[in-house]
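Participant: Before I ask anything, let me first share the structure, which is written out below as structure tokens.
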Amino acid sequence: MESIWSVVGLLLCLVTLPGTIELAFLTFSGVLPRRKLSFRRETGQTLNLCVVVPAHNEEHGIGQCVASLFACETDGHSVSVVVIADNCTDHTAEQAGMAGARVLVRNDEHRRGKGYALDHAFKTLLPENYDAFLIVDADTDVEGNFVRATAELFAQGADALQCRYLASNPGDSVRSRLMHVAWLAFNLLRLRGREYWGLSVGILGNGFGLSRKTLEQIPFDAGSIAEDLEYHLRLVRAGFHVRFCESTTVWSDVPAQSKAATGQRARWEGGRFRMIREQTPGLSAEVVKGKIRLLEPLLELLLLPLAFHVFLLLILLAVPTSLAWYSALAGLAVVGLHVAVALYVGKAGWHDVLALLSAPFYIVWKLTLGRQLIKSASTEATWVRTERSGHHED
């Protein structure tokens with residue numbers, strides 16, 4: 001029996017160790033004072049930018065999104081807003097056009113999803129001499145300096161960039177408050193940690209940008225429901241680098257109601273598990289061959305969603321071996337520090353801290369998503385629009 005526990009403990013240690021190392025590394029790096037990174041800089045350069053907004057049945061919010069984009073400071077740069085109305089059955093295209101955006105209409109019942117919509121948009125727009133593309137979801141508000149801040153990084157020669165991406169409605173429910181805290185860790189602290197060392201920070205699916213050169217060399221033909229993670233792994237394996245544009249923010253709603261939140265989390269995390277299954281062998285082989293720059297993306301990929309990481313650490317804590325016990329305690333301490341630093345860096349309030357009291361229930365809820373996660377992790381999984389507050393999916 002003792003040998004069985006030893007094997008179980010060793011296996012759990014091996015599964016959780018990459019995530020613990022990654023969390024410790026990014027927590028420490030993310031709280032350090034910012035430092036100047038050396039990049040090529042071209043002063044006085046005027047860029048021709050295109051903001052691409054993928055939209056599926058977003059007639060209620062697309063006008064506000066387009067208006068926030070047109071309200072941005074351009075600082076002399078040329079900016080176009082293009083909405084890709086993808087398989088819409090409502091008045092998204094009409095509302096976007098009335099708000100002043102150029103509209104591309106795409107209907108393809110067999111190739112459904114955000115990745116396909118973006119690929120179609122880029123193939124249409126690349127011949128039109130844009131210097132860079134910014135991607136914003138249809139339920140998003142952007143900070144007034146969004147265009148100016150992103151243009152500055154592209155003028156410095158950035159291949160790609162990711163802005164701060166935060167929740168706009170943390171006060172809607174306890175669940176949305178907890179997701180806000182999770183985003184402070186995943187969308188802010190971890191990106192700060194990677195940027196400190198000059199690593200590629202990742203793509204979060206909203207508020208990111210790609211240079212013309214990047215898209216010409218690495219087409220956006222990522223068709224999975226985790227298209228942002230899939231495309232970022234292609235970029236880093238090809239030697240491209242995503243910078244963190246911390247000086248500007250995009251906000252979008254997180255689902256406050258149980259049904260919408262369940263569907264969204266199952267899709268996001270199921271898609272991530274699919275990427276773990278498909279990408280880990282190739283990345284591991286490249287690291288073994290000496291491509292050390294891929295080690296951090298590999299560790300990031302092996303870091304399970306935090307609720308599952310904590311659950312495995314708690315199981316490990318119950319294994320009656322000293323290796324398991326010390327590994328579990330160290331891992332849980334790193335998680336606690338990671339969340340605390342994320343709250344500090346994100347300038348969180350007492351409402352955010354108090355929401356952590358319900359974290360155990362949130363973890364239990366995440367564990368109930370098993371069947372949906374397995375379905376979303378399959379290669380046949382399709383993208384489904386997340387229900388917005390006050391509106392319903394078609």
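For the structure tokens, the naming scheme is as follows: chains receive sequential letters (A, B, ...) according to their order of presentation, residues are indexed from 1 within each chain, and ligands are indexed from 1 in presentation order.
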Mind checking which residues fall within 7 Å of region 131-141 of chain A, counting only C-alpha atoms, ignoring those fewer than 5 positions away in the same chain, and posting them as a list of chain:residue names?
Facilitator: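 Selected residues are A:Leu47, A:Asn48, A:Leu49, A:Cys50, A:Val51, A:Val52, A:Val53, A:Pro54, A:Ala55, A:Glu58, A:Gly61, A:Ile62, A:Cys65, A:Ser68, A:Asn206, A:Gly207, A:Phe208, A:Gly209, A:Leu210, A:Ser211, A:Arg212, A:Val250, A:Trp251, A:Ser252.
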Participant: I'd like to know which residues of region 18-186 of chain A are alpha helix (DSSP H) (by DSSP, run on the backbone); could you write them as JSON, numbers by chain?
Facilitator: {"A": [18, 19, 20, 21, 22, 23, 24, 25, 26, 27, 28, 29, 30, 31, 62, 63, 64, 65, 66, 67, 68, 69, 70, 92, 93, 94, 95, 96, 97, 98, 114, 115, 116, 117, 118, 119, 120, 121, 122, 123, 124, 125, 146, 147, 148, 149, 150, 151, 152, 153, 154, 155, 174, 175, 176, 177, 178, 179, 180, 181, 182, 183]}
Participant: May I ask which of the residues A:Tyr344, A:Trp365, A:Phe122, A:Tyr165 is the closest one to Ser247 (chain A), counting only C-alpha atoms?
Facilitator: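 Ranking A:Tyr344, A:Trp365, A:Phe122, A:Tyr165 by distance to Ser247 (chain A), first place goes to A:Tyr165.
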Participant: For a test of reading the model, state the distance in Å between CA of Glu286 (chain A) and CA of His309 (chain A), rounded to one decimal.
Facilitator: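 Those two atoms sit 25.1 Å apart.
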Participant: Quick one: distance from CA of Val236 (chain A) to CA of Val201 (chain A) in Å, one decimal?
Facilitator: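 Straight-line distance from CA of Val236 (chain A) to CA of Val201 (chain A) works out to 9.9 Å.
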Participant: From a DSSP pass on the backbone, collect the residues of region 72-317 of chain A flagged as strand (DSSP E or B) and hand them back as a ChimeraX atom specification.
Facilitator: /A:78-86,102-106,132-135,140-142,160-167,208-211,242-252
Participant: Pick from A:Gly193, A:Gly270, A:Gly336, A:Pro127: nearest to Pro305 (chain A), with only C-alpha atoms counted?
Facilitator: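 Ranked by minimum distance to Pro305 (chain A), first place goes to A:Gly270.
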